[in-house]
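Below is start_22.txt, holding compact mmCIF, C-alpha atoms and all ligand atoms.
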```txt
# COMPACT_ATOMS: atom_id res chain seq x y z
CA MET A 1 15.51 -78.30 121.12
CA GLU A 2 17.24 -78.31 117.72
CA GLN A 3 20.91 -79.31 117.86
CA GLN A 4 23.36 -76.86 116.25
CA VAL A 5 26.38 -78.01 114.24
CA LYS A 6 28.33 -75.02 115.47
CA SER A 7 28.21 -76.16 119.07
CA ARG A 8 31.11 -78.47 118.16
CA SER A 9 32.40 -78.94 121.61
CA ILE A 10 31.77 -82.66 121.94
CA PRO A 11 35.10 -84.29 122.81
CA VAL A 12 35.56 -87.62 121.00
CA GLY A 13 38.68 -89.77 121.11
CA ILE A 14 40.02 -91.09 117.81
CA SER A 15 42.89 -93.27 116.63
CA ALA A 16 45.45 -90.65 115.59
CA CYS A 17 46.18 -92.34 112.22
CA LEU A 18 42.55 -91.66 111.21
CA MET A 19 43.22 -87.94 111.63
CA GLY A 20 46.07 -88.19 109.11
CA HIS A 21 48.89 -88.42 111.67
CA LYS A 22 51.76 -90.49 110.30
CA VAL A 23 51.97 -92.84 113.27
CA ARG A 24 51.39 -96.27 111.73
CA TYR A 25 54.03 -99.00 111.93
CA ASP A 26 54.92 -98.35 108.27
CA GLY A 27 55.21 -94.59 108.78
CA GLY A 28 51.90 -93.91 107.02
CA HIS A 29 48.41 -92.82 108.11
CA LYS A 30 44.80 -93.85 107.46
CA ARG A 31 43.19 -90.44 107.08
CA SER A 32 39.41 -90.67 107.28
CA LYS A 33 37.64 -88.17 105.01
CA TYR A 34 34.34 -88.63 106.82
CA CYS A 35 35.86 -87.89 110.23
CA LEU A 36 37.92 -84.95 109.01
CA ASN A 37 35.44 -83.37 106.59
CA VAL A 38 32.09 -84.09 108.23
CA LEU A 39 32.32 -85.17 111.88
CA ASN A 40 35.04 -82.63 112.58
CA GLU A 41 32.30 -80.00 112.31
CA CYS A 42 30.50 -81.23 115.40
CA PHE A 43 33.11 -83.26 117.28
CA ASP A 44 36.20 -81.94 118.98
CA PHE A 45 38.54 -84.83 118.16
CA VAL A 46 41.21 -85.94 120.62
CA PRO A 47 43.73 -87.94 118.51
CA LEU A 48 45.58 -90.64 120.43
CA CYS A 49 48.05 -93.27 119.24
CA PRO A 50 48.62 -95.89 121.94
CA GLU A 51 51.61 -97.50 120.21
CA VAL A 52 53.52 -94.23 119.85
CA SER A 53 52.44 -93.17 123.35
CA ILE A 54 53.99 -96.25 124.95
CA GLY A 55 57.29 -95.35 123.29
CA LEU A 56 57.33 -97.31 120.03
CA SER A 57 59.02 -95.60 117.12
CA THR A 58 57.59 -94.71 113.71
CA PRO A 59 58.22 -96.68 111.55
CA ARG A 60 58.50 -99.79 113.75
CA GLU A 61 58.49 -103.56 113.58
CA PRO A 62 54.88 -104.81 113.27
CA ILE A 63 53.13 -106.40 116.27
CA ARG A 64 50.21 -108.83 116.41
CA LEU A 65 47.84 -110.59 118.79
CA VAL A 66 48.88 -114.07 119.93
CA GLY A 67 47.34 -116.67 122.24
CA ASP A 68 43.87 -116.90 123.79
CA ALA A 69 41.44 -114.84 121.63
CA ALA A 70 39.66 -113.59 124.78
CA SER A 71 42.84 -112.19 126.34
CA PRO A 72 45.60 -112.24 123.74
CA ARG A 73 49.12 -110.88 124.17
CA VAL A 74 50.49 -108.22 121.81
CA VAL A 75 53.91 -109.31 120.62
CA GLY A 76 56.37 -108.62 117.81
CA VAL A 77 55.77 -110.51 114.57
CA LYS A 78 59.52 -111.17 114.24
CA ASP A 79 60.35 -111.25 117.96
CA PRO A 80 57.62 -112.96 120.03
CA ASP A 81 59.53 -112.04 123.23
CA PHE A 82 58.83 -108.37 122.52
CA ASP A 83 55.53 -108.06 124.50
CA VAL A 84 53.77 -104.69 124.86
CA THR A 85 50.43 -105.93 126.24
CA ASP A 86 50.89 -104.57 129.76
CA LYS A 87 52.09 -101.20 128.47
CA LEU A 88 49.03 -100.89 126.19
CA HIS A 89 46.69 -101.79 129.06
CA ALA A 90 48.40 -99.27 131.32
CA TYR A 91 48.10 -96.58 128.66
CA ALA A 92 44.36 -97.32 128.30
CA ASP A 93 44.05 -96.89 132.10
CA GLU A 94 45.91 -93.59 131.84
CA VAL A 95 43.63 -92.32 129.04
CA SER A 96 40.51 -93.43 130.96
CA ALA A 97 41.64 -91.51 134.05
CA LYS A 98 42.84 -88.42 132.17
CA HIS A 99 40.22 -88.01 129.44
CA THR A 100 37.01 -88.33 131.42
CA GLU A 101 35.55 -85.64 129.13
CA LEU A 102 35.33 -88.01 126.14
CA CYS A 103 31.78 -88.69 124.91
CA GLY A 104 32.74 -91.21 122.24
CA TYR A 105 35.67 -92.95 120.59
CA ILE A 106 36.39 -93.84 116.95
CA LEU A 107 38.90 -96.65 116.49
CA MET A 108 40.99 -97.93 113.58
CA LYS A 109 39.89 -101.39 112.47
CA GLY A 110 42.17 -104.43 112.39
CA SER A 111 44.87 -102.97 114.65
CA PRO A 112 46.29 -105.23 117.42
CA SER A 113 46.07 -102.14 119.65
CA CYS A 114 43.04 -100.14 118.45
CA GLY A 115 40.81 -102.73 116.69
CA MET A 116 37.36 -103.01 118.25
CA GLU A 117 36.46 -106.44 116.87
CA ARG A 118 37.48 -109.13 114.42
CA VAL A 119 41.20 -108.43 114.85
CA LYS A 120 43.36 -111.38 113.75
CA VAL A 121 44.70 -113.45 116.64
CA TYR A 122 47.37 -116.11 116.06
CA HIS A 123 48.32 -119.29 117.89
CA GLU A 124 51.87 -119.43 119.25
CA ASN A 125 52.78 -121.58 116.22
CA GLY A 126 51.68 -118.80 113.84
CA LEU A 127 48.41 -120.39 112.71
CA PRO A 128 45.28 -118.17 112.83
CA ASN A 129 43.10 -118.43 115.96
CA GLU A 130 39.64 -116.90 116.52
CA ALA A 131 39.40 -113.15 116.00
CA GLY A 132 39.65 -110.80 119.00
CA ARG A 133 39.90 -107.19 120.11
CA GLY A 134 42.96 -104.94 120.18
CA ALA A 135 44.63 -104.73 123.60
CA TYR A 136 44.24 -100.96 124.06
CA ALA A 137 40.63 -100.96 122.79
CA ALA A 138 39.71 -103.89 125.05
CA GLN A 139 41.04 -102.23 128.19
CA LEU A 140 39.52 -98.85 127.26
CA MET A 141 36.09 -100.45 126.77
CA ARG A 142 36.38 -102.43 130.02
CA ASN A 143 37.16 -99.20 131.87
CA ASN A 144 34.32 -97.24 130.20
CA PRO A 145 31.48 -99.66 129.45
CA ALA A 146 28.97 -96.84 128.76
CA LEU A 147 31.22 -94.92 126.35
CA PRO A 148 30.00 -95.01 122.71
CA VAL A 149 32.73 -96.72 120.68
CA GLU A 150 32.78 -97.48 116.98
CA GLU A 151 35.25 -98.42 114.25
CA GLU A 152 35.78 -95.93 111.45
CA GLY A 153 35.12 -98.52 108.73
CA ARG A 154 31.67 -99.28 110.17
CA LEU A 155 30.69 -95.61 109.85
CA ASN A 156 30.21 -96.30 106.11
CA ASP A 157 27.03 -98.18 107.05
CA PRO A 158 24.23 -95.55 107.32
CA VAL A 159 22.47 -97.36 110.19
CA LEU A 160 25.63 -97.93 112.25
CA ARG A 161 26.75 -94.36 111.56
CA GLU A 162 23.43 -92.91 112.72
CA ASN A 163 23.47 -95.20 115.73
CA PHE A 164 26.96 -94.17 116.85
CA ILE A 165 26.38 -90.43 116.39
CA THR A 166 23.07 -90.64 118.25
CA ARG A 167 24.83 -92.36 121.16
CA VAL A 168 27.56 -89.73 121.29
CA PHE A 169 25.00 -86.93 121.47
CA VAL A 170 22.98 -88.76 124.14
CA TYR A 171 26.11 -89.40 126.21
CA HIS A 172 27.17 -85.78 125.84
CA SER A 173 23.73 -84.57 127.02
CA TRP A 174 24.02 -86.93 129.99
CA GLN A 175 27.39 -85.42 130.98
CA GLN A 176 26.10 -81.87 130.52
CA GLU A 177 22.62 -82.14 131.97
CA VAL A 178 22.93 -84.77 134.68
CA MET A 179 26.54 -85.30 135.70
CA SER A 180 27.21 -81.57 136.10
CA ASP A 181 24.78 -81.50 139.06
CA PRO A 182 23.53 -85.06 139.64
CA SER A 183 20.24 -85.84 141.38
CA LEU A 184 17.48 -88.42 140.95
CA HIS A 185 15.26 -85.62 139.66
CA GLN A 186 17.78 -84.85 136.90
CA VAL A 187 17.94 -88.53 135.93
CA LEU A 188 14.14 -88.68 135.67
CA GLN A 189 14.02 -85.48 133.60
CA PHE A 190 16.74 -86.81 131.31
CA HIS A 191 14.96 -90.12 130.90
CA SER A 192 11.69 -88.37 130.16
CA ARG A 193 13.31 -86.57 127.18
CA HIS A 194 14.91 -89.77 125.85
CA LYS A 195 11.96 -92.15 126.10
CA TYR A 196 11.13 -92.25 122.40
CA GLN A 197 14.79 -92.40 121.43
CA LEU A 198 15.08 -95.51 123.57
CA MET A 199 11.83 -96.95 122.25
CA ALA A 200 13.13 -96.70 118.67
CA HIS A 201 16.21 -98.75 119.56
CA CYS A 202 14.85 -101.27 122.02
CA TYR A 203 11.25 -101.56 123.18
CA GLU A 204 12.18 -104.09 125.87
CA GLY A 205 14.86 -101.73 127.18
CA TYR A 206 12.32 -98.92 127.23
CA LYS A 207 10.09 -100.98 129.50
CA THR A 208 12.93 -102.33 131.69
CA ILE A 209 14.47 -98.91 132.37
CA GLY A 210 11.01 -97.41 132.99
CA ARG A 211 10.33 -100.11 135.61
CA TYR A 212 13.76 -99.66 137.17
CA LEU A 213 13.26 -95.90 137.61
CA ALA A 214 9.71 -96.29 138.91
CA GLU A 215 10.30 -99.16 141.34
CA GLU A 216 13.96 -99.41 142.36
CA ALA A 217 15.90 -96.23 141.76
CA SER A 218 14.52 -94.27 144.73
CA HIS A 219 15.67 -97.04 147.14
CA GLN A 220 19.27 -97.02 145.89
CA PRO A 221 22.20 -94.65 146.53
CA LEU A 222 22.40 -91.96 143.85
CA SER A 223 25.86 -93.10 142.71
CA GLU A 224 24.46 -96.55 141.92
CA VAL A 225 21.47 -95.13 140.04
CA LEU A 226 23.74 -92.93 137.91
CA GLU A 227 26.00 -95.83 137.05
CA GLN A 228 23.22 -98.35 136.37
CA TYR A 229 20.99 -95.99 134.42
CA ILE A 230 23.54 -94.72 131.92
CA LEU A 231 25.04 -98.18 131.42
CA GLN A 232 21.63 -99.70 130.68
CA LEU A 233 20.62 -96.80 128.45
CA MET A 234 23.80 -96.85 126.38
CA GLN A 235 23.69 -100.64 126.02
CA HIS A 236 20.10 -100.55 124.76
CA LEU A 237 20.88 -97.69 122.37
CA THR A 238 23.65 -99.79 120.83
CA LYS A 239 20.92 -101.99 119.35
CA ARG A 240 20.12 -100.94 115.80
CA ALA A 241 16.83 -99.18 115.26
CA ASN A 242 15.08 -100.46 112.11
CA ARG A 243 12.05 -99.52 110.02
CA LYS A 244 9.73 -101.55 112.24
CA SER A 245 10.93 -99.98 115.49
CA HIS A 246 11.01 -96.45 114.03
CA THR A 247 7.48 -96.96 112.66
CA ASN A 248 6.29 -98.04 116.10
CA THR A 249 7.87 -94.94 117.64
CA LEU A 250 6.38 -92.62 114.99
CA MET A 251 2.93 -94.10 115.64
CA HIS A 252 3.30 -93.51 119.38
CA ILE A 253 4.28 -89.89 118.74
CA LEU A 254 1.40 -89.44 116.30
CA GLY A 255 -0.88 -90.47 119.17
CA TYR A 256 -0.10 -87.12 120.82
CA LEU A 257 -1.67 -85.26 117.89
CA LYS A 258 -4.82 -87.32 117.41
CA LYS A 259 -7.19 -84.84 119.06
CA GLU A 260 -5.50 -81.76 117.61
CA ILE A 261 -5.49 -82.53 113.87
CA ASP A 262 -8.32 -83.16 111.41
CA SER A 263 -8.89 -86.54 109.80
CA ASP A 264 -7.32 -85.55 106.43
CA THR A 265 -4.10 -84.46 108.14
CA LYS A 266 -4.07 -87.63 110.19
CA GLN A 267 -4.53 -89.67 107.01
CA ASP A 268 -1.60 -87.84 105.35
CA LEU A 269 0.62 -88.58 108.32
CA LEU A 270 -0.42 -92.23 108.42
CA GLU A 271 0.27 -92.62 104.69
CA THR A 272 3.71 -91.05 105.02
CA ILE A 273 4.59 -93.34 107.93
CA GLU A 274 3.41 -96.30 105.83
CA GLN A 275 5.62 -95.15 102.94
CA TYR A 276 8.53 -95.12 105.35
CA ARG A 277 7.64 -98.56 106.76
CA THR A 278 7.57 -100.03 103.26
CA ALA A 279 10.93 -98.41 102.35
CA LYS A 280 9.56 -95.96 99.76
CA VAL A 281 10.95 -92.94 101.63
CA HIS A 282 13.63 -92.34 104.25
CA LEU A 283 13.00 -91.56 107.92
CA VAL A 284 13.48 -87.83 107.37
CA VAL A 285 10.18 -87.67 105.42
CA PRO A 286 7.61 -88.75 108.06
CA LEU A 287 9.63 -87.04 110.79
CA THR A 288 9.68 -83.69 109.03
CA LEU A 289 5.92 -83.80 108.54
CA LEU A 290 5.29 -84.97 112.10
CA LYS A 291 7.55 -82.24 113.51
CA HIS A 292 5.68 -79.63 111.51
CA TYR A 293 2.42 -80.50 113.30
CA LEU A 294 4.06 -81.11 116.66
CA LYS A 295 5.46 -77.57 116.57
CA ARG A 296 1.94 -76.19 116.27
CA HIS A 297 -0.05 -78.63 118.35
CA GLY A 298 2.36 -80.78 120.40
CA SER A 299 2.66 -80.56 124.19
CA ASP A 300 5.93 -79.39 125.75
CA TYR A 301 6.61 -83.01 126.73
CA ILE A 302 6.44 -84.40 123.21
CA GLN A 303 8.24 -81.43 121.66
CA SER A 304 11.12 -81.91 124.10
CA GLN A 305 11.80 -85.48 122.90
CA ALA A 306 15.43 -85.98 121.87
CA TYR A 307 14.19 -88.42 119.20
CA LEU A 308 12.89 -85.49 117.13
CA ASP A 309 16.31 -83.77 116.92
CA PRO A 310 18.99 -86.14 118.19
CA TYR A 311 21.90 -84.37 116.40
CA PRO A 312 22.39 -81.43 114.01
CA HIS A 313 20.15 -81.97 110.97
CA GLU A 314 23.02 -80.76 108.71
CA LEU A 315 24.59 -84.20 109.19
CA GLY A 316 21.70 -85.51 107.07
CA LEU A 317 21.83 -88.93 108.73
CA ARG A 318 18.10 -89.57 108.49
CA ASN A 319 18.23 -89.02 104.72
CA TYR A 320 19.88 -92.45 104.45
CA ILE A 321 17.95 -94.67 106.85
S1 LIG A 401 45.73 -98.01 114.76
FE1 LIG A 401 46.07 -97.11 116.78
S2 LIG A 401 48.10 -97.81 117.39
FE2 LIG A 401 47.94 -98.13 115.18
S3 LIG A 401 48.77 -96.27 114.28
FE3 LIG A 401 46.57 -95.95 114.44
S4 LIG A 401 46.34 -94.93 116.39
FE4 LIG A 401 48.39 -95.81 116.40
```
Reformat the file's structure so that it appears as structure tokens.
Amino acid sequence: MEQQVKSRSIPVGISACLMGHKVRYDGGHKRSKYCLNVLNECFDFVPLCPEVSIGLSTPREPIRLVGDAASPRVVGVKDPDFDVTDKLHAYADEVSAKHTELCGYILMKGSPSCGMERVKVYHENGLPNEAGRGAYAAQLMRNNPALPVEEEGRLNDPVLRENFITRVFVYHSWQQEVMSDPSLHQVLQFHSRHKYQLMAHCYEGYKTIGRYLAEEASHQPLSEVLEQYILQLMQHLTKRANRKSHTNTLMHILGYLKKEIDSDTKQDLLETIEQYRTAKVHLVVPLTLLKHYLKRHGSDYIQSQAYLDPYPHELGLRNYI
């Protein structure tokens, strides 16, 4: 089913400074044009600033990560005794419990609170240590391991951008279609629609999850299946799909048309897929042609694949990968 941009009811958390809120330590913001002008059309952003929410003022003295890079403390740059680590962790717990509706989260890079990766961590003596993760982001991601999370700066990369938005839409469908009335049958139906999406990101994951559902899921409590399935799916989808894996997926889908189309049409489709594989055209080209024939000749099963319309086409994401 084609996704509509207007159904912009997907709740996504975002660092408030990216929405233009003047909440940074220096009293400024980091307004993201892409989030405000493009993603705002399909996401219902929930702006959150952990530092302001734990009671810090704006402007304020800067803070930074200090100590062990795997579990650093967040302390004042001027006053190392000013430690807000526990407050930031507690606020992440509060957000996790309160905002269970979130289907994704966009974070501000480099922040000792919000940074998702490669945030500077310092030794006690002030020398740089290995990079780490902001304290709020780390706790939020520990609490919600299946939640799609990305940094705003990485959305400039067409592949990472497409990957993140795909994951948000998949996670939203999961909440809507399965978690609203969970059953093993719903999980199997959901998986059936997302098979080719998964194949494009991770062929191994496609096989592993298929085996899990066929051999183990029916022997486990439903709550465990729900937890395991979505965690595995979202982790596999985090892997970047590339031209090779998309080509493989397109060829599998083409297999559903073999008996229904004549040899000239098949040749056209094969040539277009080859042009995509060799980087002469973007993914939108073979997919548009394939969808044209699937609409006429494809079975309900193949036409229902989320891979064909993972998000509103107005976003134009497949024009760049
Ligand atoms: S990066 Fe996070 S903590 Fe810092 S100003 Fe933005 S929202 Fe607030």
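Using all atoms listed in the file, the shortest contact distance between Leu237 of chain A and any of A:Val225, A:Leu147, A:Cys42, A:Val84 is found at A:Leu147.
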message: Which polymer residues, whether protein, DNA or RNA, lie within 10 Å of the coordinate (23.2, -102.2, 122.5) when you count all atoms listed in the file? List them as JSON, numbers by chain, using the chain letters and numbers from the file.
response: {"A": [148, 163, 201, 202, 205, 231, 232, 233, 234, 235, 236, 237, 238, 239, 240]}
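With all atoms listed in the file as the atoms that count, the minimum distance from Leu226 of chain A to the choices A:Asp26, A:Asp181, A:Glu162, A:Asp264 is reached by A:Asp181.
For ligand LIG 401 (chain A), the protein and nucleic acid residues at most 7 Å away, judged by only C-alpha atoms and all ligand atoms, amount to Ser15, Ala16, Cys17, Leu18, Val23, Arg24, Tyr25, Leu48, Cys49, Pro50, Glu51, Val52, Met108, Ser111, Ser113 and Cys114 of chain A.
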Using the selection just defined, write its residues with C-alpha atoms as a PDB file, in the frame of the given file.
```
ATOM      1  CA  SER A  15      42.890 -93.270 116.630  1.00  0.00           C
ATOM      2  CA  ALA A  16      45.450 -90.650 115.590  1.00  0.00           C
ATOM      3  CA  CYS A  17      46.180 -92.340 112.220  1.00  0.00           C
ATOM      4  CA  LEU A  18      42.550 -91.660 111.210  1.00  0.00           C
ATOM      5  CA  VAL A  23      51.970 -92.840 113.270  1.00  0.00           C
ATOM      6  CA  ARG A  24      51.390 -96.270 111.730  1.00  0.00           C
ATOM      7  CA  TYR A  25      54.030 -99.000 111.930  1.00  0.00           C
ATOM      8  CA  LEU A  48      45.580 -90.640 120.430  1.00  0.00           C
ATOM      9  CA  CYS A  49      48.050 -93.270 119.240  1.00  0.00           C
ATOM     10  CA  PRO A  50      48.620 -95.890 121.940  1.00  0.00           C
ATOM     11  CA  GLU A  51      51.610 -97.500 120.210  1.00  0.00           C
ATOM     12  CA  VAL A  52      53.520 -94.230 119.850  1.00  0.00           C
ATOM     13  CA  MET A 108      40.990 -97.930 113.580  1.00  0.00           C
ATOM     14  CA  SER A 111      44.870-102.970 114.650  1.00  0.00           C
ATOM     15  CA  SER A 113      46.070-102.140 119.650  1.00  0.00           C
ATOM     16  CA  CYS A 114      43.040-100.140 118.450  1.00  0.00           C
TER      17      CYS A 114
END
```
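The space between atom CA of Val46 of chain A and atom CA of Gly104 of chain A spans 10.1 Å.
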- request: Write out as a PyMOL selection string which residues come within 8 Å of Tyr105 of chain A when counting all atoms listed in the file, dropping same-chain ones fewer than 2 positions away.
  value: chain A and resi 12-14+102-103+107+147-150
- request: Just the residues within 7 Å of Arg64 of chain A, please, counting only C-alpha atoms, with nothing from its chain fewer than 5 positions along; format it as a ChimeraX atom specification.
  value: /A:74-77,112
Put those residues in a file: C-alpha atoms, as a PDB file, keeping the file's coordinate frame.
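Once everything was written out, this is result_7.pdb:
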```pdb
ATOM      1  CA  VAL A  74      50.490-108.220 121.810  1.00  0.00           C
ATOM      2  CA  VAL A  75      53.910-109.310 120.620  1.00  0.00           C
ATOM      3  CA  GLY A  76      56.370-108.620 117.810  1.00  0.00           C
ATOM      4  CA  VAL A  77      55.770-110.510 114.570  1.00  0.00           C
ATOM      5  CA  PRO A 112      46.290-105.230 117.420  1.00  0.00           C
TER       6      PRO A 112
END
```
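You will find atom CA of Ile63 of chain A at 23.3 Å from atom CA of Ser96 of chain A.
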Taking the partial coordinates given, rebuild segment 69-87 of chain A to contain N, CA and C atoms; return it as a PDB file, in the coordinates of the input.
```
ATOM      1  N   ALA A  69      42.134-115.949 122.329  1.00  0.00           N
ATOM      2  CA  ALA A  69      41.440-114.840 121.630  1.00  0.00           C
ATOM      3  C   ALA A  69      40.733-113.916 122.621  1.00  0.00           C
ATOM      4  N   ALA A  70      40.367-114.430 123.807  1.00  0.00           N
ATOM      5  CA  ALA A  70      39.660-113.590 124.780  1.00  0.00           C
ATOM      6  C   ALA A  70      40.619-112.661 125.532  1.00  0.00           C
ATOM      7  N   SER A  71      41.858-113.053 125.658  1.00  0.00           N
ATOM      8  CA  SER A  71      42.840-112.190 126.340  1.00  0.00           C
ATOM      9  C   SER A  71      44.218-112.390 125.710  1.00  0.00           C
ATOM     10  N   PRO A  72      44.343-111.988 124.443  1.00  0.00           N
ATOM     11  CA  PRO A  72      45.600-112.240 123.740  1.00  0.00           C
ATOM     12  C   PRO A  72      46.734-111.331 124.211  1.00  0.00           C
ATOM     13  N   ARG A  73      47.954-111.727 123.910  1.00  0.00           N
ATOM     14  CA  ARG A  73      49.120-110.880 124.170  1.00  0.00           C
ATOM     15  C   ARG A  73      49.453-110.141 122.867  1.00  0.00           C
ATOM     16  N   VAL A  74      50.066-108.974 123.003  1.00  0.00           N
ATOM     17  CA  VAL A  74      50.490-108.220 121.810  1.00  0.00           C
ATOM     18  C   VAL A  74      51.998-108.331 121.730  1.00  0.00           C
ATOM     19  N   VAL A  75      52.466-109.047 120.714  1.00  0.00           N
ATOM     20  CA  VAL A  75      53.910-109.310 120.620  1.00  0.00           C
ATOM     21  C   VAL A  75      54.429-108.999 119.219  1.00  0.00           C
ATOM     22  N   GLY A  76      55.747-108.894 119.100  1.00  0.00           N
ATOM     23  CA  GLY A  76      56.370-108.620 117.810  1.00  0.00           C
ATOM     24  C   GLY A  76      56.153-109.773 116.848  1.00  0.00           C
ATOM     25  N   VAL A  77      55.947-109.451 115.577  1.00  0.00           N
ATOM     26  CA  VAL A  77      55.770-110.510 114.570  1.00  0.00           C
ATOM     27  C   VAL A  77      57.093-111.268 114.424  1.00  0.00           C
ATOM     28  N   LYS A  78      58.210-110.514 114.391  1.00  0.00           N
ATOM     29  CA  LYS A  78      59.520-111.170 114.240  1.00  0.00           C
ATOM     30  C   LYS A  78      60.055-111.665 115.572  1.00  0.00           C
ATOM     31  N   ASP A  79      59.790-110.905 116.638  1.00  0.00           N
ATOM     32  CA  ASP A  79      60.350-111.250 117.960  1.00  0.00           C
ATOM     33  C   ASP A  79      59.219-111.447 118.974  1.00  0.00           C
ATOM     34  N   PRO A  80      58.758-112.689 119.142  1.00  0.00           N
ATOM     35  CA  PRO A  80      57.620-112.960 120.030  1.00  0.00           C
ATOM     36  C   PRO A  80      57.931-112.636 121.509  1.00  0.00           C
ATOM     37  N   ASP A  81      59.206-112.411 121.840  1.00  0.00           N
ATOM     38  CA  ASP A  81      59.530-112.040 123.230  1.00  0.00           C
ATOM     39  C   ASP A  81      59.302-110.543 123.468  1.00  0.00           C
ATOM     40  N   PHE A  82      59.117-109.801 122.393  1.00  0.00           N
ATOM     41  CA  PHE A  82      58.830-108.370 122.520  1.00  0.00           C
ATOM     42  C   PHE A  82      57.323-108.225 122.787  1.00  0.00           C
ATOM     43  N   ASP A  83      56.943-108.024 124.061  1.00  0.00           N
ATOM     44  CA  ASP A  83      55.530-108.060 124.500  1.00  0.00           C
ATOM     45  C   ASP A  83      55.135-106.692 125.059  1.00  0.00           C
ATOM     46  N   VAL A  84      54.171-106.031 124.400  1.00  0.00           N
ATOM     47  CA  VAL A  84      53.770-104.690 124.860  1.00  0.00           C
ATOM     48  C   VAL A  84      52.348-104.680 125.439  1.00  0.00           C
ATOM     49  N   THR A  85      51.816-105.845 125.741  1.00  0.00           N
ATOM     50  CA  THR A  85      50.430-105.930 126.240  1.00  0.00           C
ATOM     51  C   THR A  85      50.221-105.085 127.487  1.00  0.00           C
ATOM     52  N   ASP A  86      51.090-105.268 128.479  1.00  0.00           N
ATOM     53  CA  ASP A  86      50.890-104.570 129.760  1.00  0.00           C
ATOM     54  C   ASP A  86      51.006-103.056 129.581  1.00  0.00           C
ATOM     55  N   LYS A  87      51.923-102.638 128.713  1.00  0.00           N
ATOM     56  CA  LYS A  87      52.090-101.200 128.470  1.00  0.00           C
ATOM     57  C   LYS A  87      50.838-100.619 127.806  1.00  0.00           C
TER      58      LYS A  87
END
```
